[in-house]
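Chemist: I am sharing entry.csv, which consists of CSV, C-alpha atoms:
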```csv
chain,number,residue,atom,x,y,z
A,1,MET,CA,-18.9,-12.9,-29.2
A,2,THR,CA,-15.8,-14.9,-30.0
A,3,THR,CA,-13.8,-16.6,-27.2
A,4,ARG,CA,-11.0,-14.0,-27.7
A,5,VAL,CA,-13.4,-11.1,-27.4
A,6,ILE,CA,-14.9,-12.5,-24.2
A,7,PHE,CA,-11.4,-13.1,-22.8
A,8,GLN,CA,-10.3,-9.5,-23.6
A,9,GLN,CA,-13.4,-8.1,-21.8
A,10,GLU,CA,-12.8,-10.3,-18.8
A,11,LEU,CA,-9.1,-9.1,-18.7
A,12,LYS,CA,-10.3,-5.5,-18.9
A,13,ASP,CA,-12.7,-6.2,-16.1
A,14,LEU,CA,-9.9,-7.6,-14.0
A,15,ARG,CA,-7.7,-4.5,-14.6
A,16,GLN,CA,-10.6,-2.3,-13.6
A,17,SER,CA,-11.1,-4.3,-10.4
A,18,VAL,CA,-7.4,-3.8,-9.5
A,19,ALA,CA,-7.6,-0.1,-10.3
A,20,GLU,CA,-10.7,0.2,-8.0
A,21,MET,CA,-8.9,-1.6,-5.2
A,22,GLY,CA,-5.9,0.7,-5.6
A,23,ARG,CA,-8.1,3.8,-5.6
A,24,GLN,CA,-9.7,2.6,-2.3
A,25,ILE,CA,-6.3,1.9,-0.7
A,26,GLY,CA,-5.1,5.4,-1.7
A,27,GLU,CA,-8.2,7.0,-0.3
A,28,ASN,CA,-8.0,5.1,2.9
A,29,TYR,CA,-4.4,6.2,3.4
A,30,THR,CA,-5.2,9.9,2.7
A,31,GLY,CA,-8.4,9.7,4.8
A,32,LEU,CA,-6.6,8.2,7.8
A,33,PHE,CA,-4.0,11.0,8.1
A,34,GLN,CA,-6.6,13.7,7.5
A,35,ALA,CA,-8.6,12.1,10.3
A,36,ILE,CA,-5.5,12.3,12.6
A,37,GLN,CA,-5.1,16.0,12.0
A,38,SER,CA,-8.8,16.7,12.9
A,39,ASN,CA,-9.0,14.0,15.6
A,40,ASP,CA,-11.9,12.5,13.6
A,41,ARG,CA,-12.4,9.3,15.6
A,42,LYS,CA,-15.5,8.4,13.6
A,43,THR,CA,-13.4,8.2,10.4
A,44,MET,CA,-10.7,6.2,12.2
A,45,ILE,CA,-13.3,3.6,13.3
A,46,TRP,CA,-14.7,3.4,9.8
A,47,LEU,CA,-11.2,2.8,8.3
A,48,LEU,CA,-10.5,0.2,10.9
A,49,LYS,CA,-13.6,-1.7,9.9
A,50,ASN,CA,-13.1,-1.0,6.1
A,51,ASP,CA,-10.2,-3.4,6.1
A,52,ARG,CA,-12.8,-6.2,5.7
A,53,ASN,CA,-13.9,-4.6,2.5
A,54,ILE,CA,-10.3,-4.5,1.2
A,55,ASN,CA,-10.0,-8.2,2.1
A,56,ASP,CA,-13.2,-8.9,0.1
A,57,MET,CA,-11.9,-7.0,-2.9
A,58,GLU,CA,-8.6,-9.1,-2.8
A,59,ARG,CA,-10.6,-12.3,-2.7
A,60,SER,CA,-12.8,-11.2,-5.6
A,61,ILE,CA,-9.8,-10.3,-7.7
A,62,GLU,CA,-8.1,-13.5,-6.9
A,63,GLY,CA,-11.2,-15.3,-8.1
A,64,GLN,CA,-11.1,-13.3,-11.4
A,65,CYS,CA,-7.5,-14.2,-11.9
A,66,LEU,CA,-8.0,-17.9,-11.3
A,67,HIS,CA,-11.0,-18.0,-13.6
A,68,LEU,CA,-9.0,-16.5,-16.4
A,69,ILE,CA,-6.1,-18.9,-15.9
A,70,THR,CA,-8.1,-22.1,-15.6
A,71,LYS,CA,-10.9,-21.3,-18.0
A,72,GLN,CA,-9.2,-19.2,-20.7
A,73,GLN,CA,-5.7,-20.7,-20.6
A,74,PRO,CA,-3.9,-17.4,-21.4
A,75,VAL,CA,-0.4,-17.4,-22.8
A,76,ALA,CA,2.6,-15.0,-22.9
A,77,GLY,CA,1.7,-11.4,-22.2
A,78,ASP,CA,-1.8,-12.0,-21.0
A,79,LEU,CA,-0.6,-14.6,-18.5
A,80,ARG,CA,2.0,-12.1,-17.2
A,81,VAL,CA,-0.7,-9.5,-16.7
A,82,ILE,CA,-3.0,-11.9,-14.8
A,83,SER,CA,-0.1,-13.2,-12.7
A,84,ALA,CA,1.0,-9.7,-11.8
A,85,CYS,CA,-2.6,-8.7,-10.8
A,86,LEU,CA,-2.7,-11.9,-8.6
A,87,LYS,CA,0.4,-10.9,-6.8
A,88,VAL,CA,-0.1,-7.1,-6.6
A,89,VAL,CA,-3.4,-7.4,-4.8
A,90,THR,CA,-1.6,-9.2,-2.0
A,91,ASP,CA,0.7,-6.1,-1.5
A,92,MET,CA,-2.3,-3.8,-1.7
A,93,GLU,CA,-4.2,-5.9,0.9
A,94,ARG,CA,-1.2,-5.6,3.2
A,95,VAL,CA,-1.2,-1.8,2.8
A,96,GLY,CA,-4.8,-1.9,3.8
A,97,ASP,CA,-3.9,-4.0,6.9
A,98,HIS,CA,-1.3,-1.4,7.9
A,99,VAL,CA,-3.7,1.5,7.5
A,100,SER,CA,-6.1,-0.4,9.7
A,101,ASP,CA,-3.4,-1.1,12.2
A,102,ILE,CA,-2.5,2.6,12.4
A,103,ALA,CA,-6.1,3.5,12.9
A,104,GLU,CA,-6.3,1.0,15.8
A,105,ILE,CA,-3.3,2.4,17.5
A,106,LEU,CA,-4.7,5.9,17.3
A,107,LEU,CA,-8.1,4.9,18.7
A,108,ARG,CA,-6.5,3.3,21.8
A,109,PHE,CA,-4.6,6.4,22.9
A,110,GLU,CA,-5.0,10.2,22.9
A,111,HIS,CA,-2.2,11.6,20.8
A,112,GLN,CA,-0.4,14.9,20.7
A,113,ASP,CA,0.8,16.6,17.5
A,114,PHE,CA,3.3,14.3,15.9
A,115,SER,CA,5.8,17.1,15.7
A,116,THR,CA,6.1,17.3,19.5
A,117,ILE,CA,7.9,13.9,19.3
A,118,SER,CA,9.4,13.9,15.8
A,119,SER,CA,9.9,16.7,13.4
A,120,HIS,CA,10.3,14.2,10.5
A,121,MET,CA,7.0,12.3,10.9
A,122,GLU,CA,5.0,14.5,8.7
A,123,SER,CA,7.5,14.2,5.9
A,124,MET,CA,7.5,10.4,6.3
A,125,ILE,CA,3.7,10.3,6.0
A,126,GLU,CA,3.8,12.5,2.9
A,127,GLU,CA,6.6,10.7,1.1
A,128,THR,CA,5.0,7.3,1.8
A,129,GLY,CA,1.6,8.3,0.6
A,130,LYS,CA,3.1,9.8,-2.6
A,131,LEU,CA,5.1,6.7,-3.4
A,132,LEU,CA,2.1,4.5,-2.7
A,133,LYS,CA,-0.2,6.3,-5.0
A,134,GLN,CA,2.3,6.7,-7.8
A,135,ALA,CA,3.2,3.1,-7.6
A,136,ILE,CA,-0.4,2.0,-8.0
A,137,GLN,CA,-0.9,4.5,-10.8
A,138,ALA,CA,2.2,3.1,-12.6
A,139,PHE,CA,0.9,-0.5,-12.3
A,140,VAL,CA,-2.7,0.4,-13.4
A,141,GLU,CA,-1.5,2.4,-16.4
A,142,GLN,CA,1.2,-0.1,-17.2
A,143,LYS,CA,4.1,2.4,-17.1
A,144,LYS,CA,7.2,0.4,-16.6
A,145,ASP,CA,9.7,3.2,-16.9
A,146,GLN,CA,7.8,5.3,-14.4
A,147,ALA,CA,7.7,2.3,-12.0
A,148,LYS,CA,11.4,1.9,-12.2
A,149,GLU,CA,12.0,5.6,-11.4
A,150,LEU,CA,9.8,5.3,-8.3
A,151,ILE,CA,11.8,2.5,-6.7
A,152,PRO,CA,14.6,4.6,-5.2
A,153,GLY,CA,11.9,6.7,-3.4
A,154,ASP,CA,11.8,3.9,-0.8
A,155,ASP,CA,15.4,4.9,0.3
A,156,ARG,CA,14.0,8.3,1.2
A,157,ILE,CA,11.3,6.7,3.4
A,158,ASP,CA,13.9,4.4,5.0
A,159,ASP,CA,16.1,7.5,5.8
A,160,LEU,CA,13.1,9.3,7.3
A,161,PHE,CA,12.3,6.2,9.4
A,162,ALA,CA,15.8,6.3,10.8
A,163,GLN,CA,15.4,10.0,11.6
A,164,VAL,CA,12.0,9.4,13.3
A,165,LYS,CA,13.6,6.7,15.5
A,166,ASP,CA,16.4,9.1,16.4
A,167,ASP,CA,13.8,11.8,17.3
A,168,ILE,CA,11.9,9.3,19.5
A,169,VAL,CA,15.1,8.3,21.4
A,170,ARG,CA,15.8,11.9,22.1
A,171,THR,CA,12.3,12.5,23.3
A,172,LEU,CA,12.4,9.5,25.6
A,173,ARG,CA,15.5,10.9,27.2
A,174,SER,CA,13.6,14.1,28.2
A,175,GLU,CA,12.0,14.5,31.5
A,176,ASN,CA,8.5,15.1,30.2
A,177,ALA,CA,8.5,12.2,27.7
A,178,ASN,CA,5.2,10.3,27.3
A,179,CYS,CA,6.5,6.7,26.8
A,180,ASP,CA,3.2,5.4,25.5
A,181,GLU,CA,3.0,8.0,22.8
A,182,CYS,CA,6.6,7.5,21.8
A,183,ILE,CA,6.1,3.8,21.4
A,184,ASP,CA,2.9,4.4,19.4
A,185,LEU,CA,4.6,6.7,17.1
A,186,LEU,CA,7.5,4.3,16.5
A,187,MET,CA,4.9,1.6,15.6
A,188,ILE,CA,3.2,3.9,13.2
A,189,ALA,CA,6.5,4.8,11.6
A,190,LYS,CA,7.3,1.1,11.2
A,191,TYR,CA,4.0,0.5,9.5
A,192,LEU,CA,4.7,3.4,7.1
A,193,GLU,CA,8.1,1.9,6.3
A,194,ARG,CA,6.4,-1.3,5.5
A,195,ILE,CA,3.9,0.5,3.2
A,196,GLY,CA,6.9,1.9,1.4
A,197,ASP,CA,8.2,-1.6,0.9
A,198,HIS,CA,4.8,-2.8,-0.5
A,199,ALA,CA,4.8,0.2,-2.9
A,200,VAL,CA,8.2,-0.9,-4.2
A,201,ASN,CA,6.8,-4.4,-4.7
A,202,ILE,CA,3.9,-2.9,-6.7
A,203,CYS,CA,6.5,-1.2,-9.0
A,204,GLU,CA,8.4,-4.4,-9.4
A,205,TRP,CA,5.2,-6.3,-10.4
A,206,GLU,CA,4.6,-3.6,-13.0
A,207,SER,CA,8.0,-4.4,-14.5
A,208,PHE,CA,7.1,-8.1,-14.4
A,209,GLN,CA,3.8,-7.7,-16.2
A,210,GLU,CA,5.6,-5.9,-19.0
A,211,SER,CA,8.8,-8.0,-19.3
A,212,GLY,CA,8.2,-11.2,-17.4
A,213,THR,CA,11.3,-10.3,-15.3
A,214,ILE,CA,11.6,-9.3,-11.6
A,215,ASP,CA,14.8,-8.6,-9.7
A,216,HIS,CA,16.7,-9.3,-13.0
A,217,ILE,CA,15.3,-12.9,-13.0
A,218,ARG,CA,13.0,-14.0,-15.9
A,219,LEU,CA,10.0,-15.8,-14.5
A,220,LEU,CA,7.7,-15.8,-17.5
```
Any chance you could put this one into structure tokens?

Modeler:
Amino acid sequence: MTTRVIFQQELKDLRQSVAEMGRQIGENYTGLFQAIQSNDRKTMIWLLKNDRNINDMERSIEGQCLHLITKQQPVAGDLRVISACLKVVTDMERVGDHVSDIAEILLRFEHQDFSTISSHMESMIEETGKLLKQAIQAFVEQKKDQAKELIPGDDRIDDLFAQVKDDIVRTLRSENANCDECIDLLMIAKYLERIGDHAVNICEWESFQESGTIDHIRLL
């Protein structure tokens, strides 16, 4: 095979690795909140430990990227793709950390139904998961226009976060408030808000890999 053919295969392998990491992140997110609903502590423990696997996937992809940059010396569009993959896995790894953090919180305490503290929590979980999965899909499938359309979805998550905080304050003012559970829920909501931010970053890296521009600034 020619050097170019080898390079294209390695680039394809890189994109498949990123897609696999994204798929695992999405499954972990969905699995966590399904485990909460069924009080499946075994799955929560598995998700807490699975963060190590996500970290290993990040390191492996970083290695693929650095190999392509140093050994193949890509230019223009190919270099943008590799650079975007190198950056996007950092955001996906952080999402994995947050999923693990939420699992750890839930394993420490016994929780009531979220709705007893905040009527907006379920919507925040749903909206964050939807944005995350769609952002990863847009990056993997290189759909710049779709990625741009997704970015405003983070405003909805921020609004829900504010509503959850208001709900928690009202609950804390009641006579029967469980302070530990309220604080736990606030921490979970904050992790969800951060996951939304990382989803936006993933969308922006999709724009970069197509155009070389991020935040209206040309980088490559």

Chemist: Could you name the residues that touch Gly129 in chain A at 9 Å or less, counting only C-alpha atoms, but leaving out those on the same chain fewer than 3 positions away, as a PyMOL selection string?

Modeler: chain A and resi 26+29-30+124-126+132-134+192+195-196

Chemist: Go ahead and write the selection's residues with C-alpha atoms as a PDB file, in the coordinates of the input.

Modeler:
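Contents of again28.pdb, as written:
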```
ATOM      1  CA  GLY A  26      -5.100   5.400  -1.700  1.00  0.00           C
ATOM      2  CA  TYR A  29      -4.400   6.200   3.400  1.00  0.00           C
ATOM      3  CA  THR A  30      -5.200   9.900   2.700  1.00  0.00           C
ATOM      4  CA  MET A 124       7.500  10.400   6.300  1.00  0.00           C
ATOM      5  CA  ILE A 125       3.700  10.300   6.000  1.00  0.00           C
ATOM      6  CA  GLU A 126       3.800  12.500   2.900  1.00  0.00           C
ATOM      7  CA  LEU A 132       2.100   4.500  -2.700  1.00  0.00           C
ATOM      8  CA  LYS A 133      -0.200   6.300  -5.000  1.00  0.00           C
ATOM      9  CA  GLN A 134       2.300   6.700  -7.800  1.00  0.00           C
ATOM     10  CA  LEU A 192       4.700   3.400   7.100  1.00  0.00           C
ATOM     11  CA  ILE A 195       3.900   0.500   3.200  1.00  0.00           C
ATOM     12  CA  GLY A 196       6.900   1.900   1.400  1.00  0.00           C
TER      13      GLY A 196
END
```

Chemist: Mind pulling up the distance from CA of Ser115 in chain A to CA of Glu181 in chain A?

Modeler: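 Computing it gives 11.9 Å between the two atoms.
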
Chemist: Which residue gives the smallest distance to Phe33 in chain A among A:Ser83, A:Thr70, A:Thr128, A:Gln64, with only C-alpha atoms counted?

Modeler: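 Going through A:Ser83, A:Thr70, A:Thr128, A:Gln64 one by one, the smallest distance to Phe33 in chain A is for A:Thr128.
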
Chemist: Please compute the CA of Asp167 in chain A-CA of Ser118 in chain A distance, one decimal, in Å.

Modeler: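 Rounded to one decimal, the two atoms are 5.1 Å apart.
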
Chemist: Could you name the residues that touch Ile102 in chain A at 12 Å or less, counting only C-alpha atoms, but leaving out those on the same chain fewer than 2 positions away, as a PyMOL selection string?

Modeler: chain A and resi 28-29+31-33+35-36+44-45+47-48+51+95-100+104-109+125+184-192+194-195

Chemist: From the options A:His120, A:Arg94, A:Arg80, A:Lys42, which residue's atoms come nearest to Val164 in chain A, counting all atoms listed in the file?

Modeler: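 Ranking A:His120, A:Arg94, A:Arg80, A:Lys42 by distance to Val164 in chain A, first place goes to A:His120.
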
Chemist: Let me make sure I understand: among A:Glu27, A:Ser174, A:Thr43, A:Thr90, which one has the smallest atom-to-atom distance to Glu58 in chain A if we use only C-alpha atoms?

Modeler: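 Under the stated criterion, the closest residue is A:Thr90.
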
Chemist: Measuring atom to atom with all atoms listed in the file, identify which of A:Leu11, A:Cys182, A:Ile82, A:Met57 is nearest to Phe114 in chain A.

Modeler: A:Cys182

Chemist: Identify which of the residues A:Glu10, A:Asp166, A:Asp215, A:Asp180 lies closest to Gly63 in chain A, counting only C-alpha atoms when measuring atom-to-atom distances.

Modeler: A:Glu10

Chemist: For Leu131 in chain A, which residue out of A:Lys87, A:Lys12, A:His198, A:Lys165 is the nearest one, using all atoms listed in the file?

Modeler: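 Of all the options, A:His198 lies closest to Leu131 in chain A.
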
Chemist: Can you measure CA of Ile214 in chain A to CA of Asn201 in chain A for me? One decimal in Å is fine.

Modeler: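 Taking CA of Ile214 in chain A and CA of Asn201 in chain A, their separation equals 9.7 Å.
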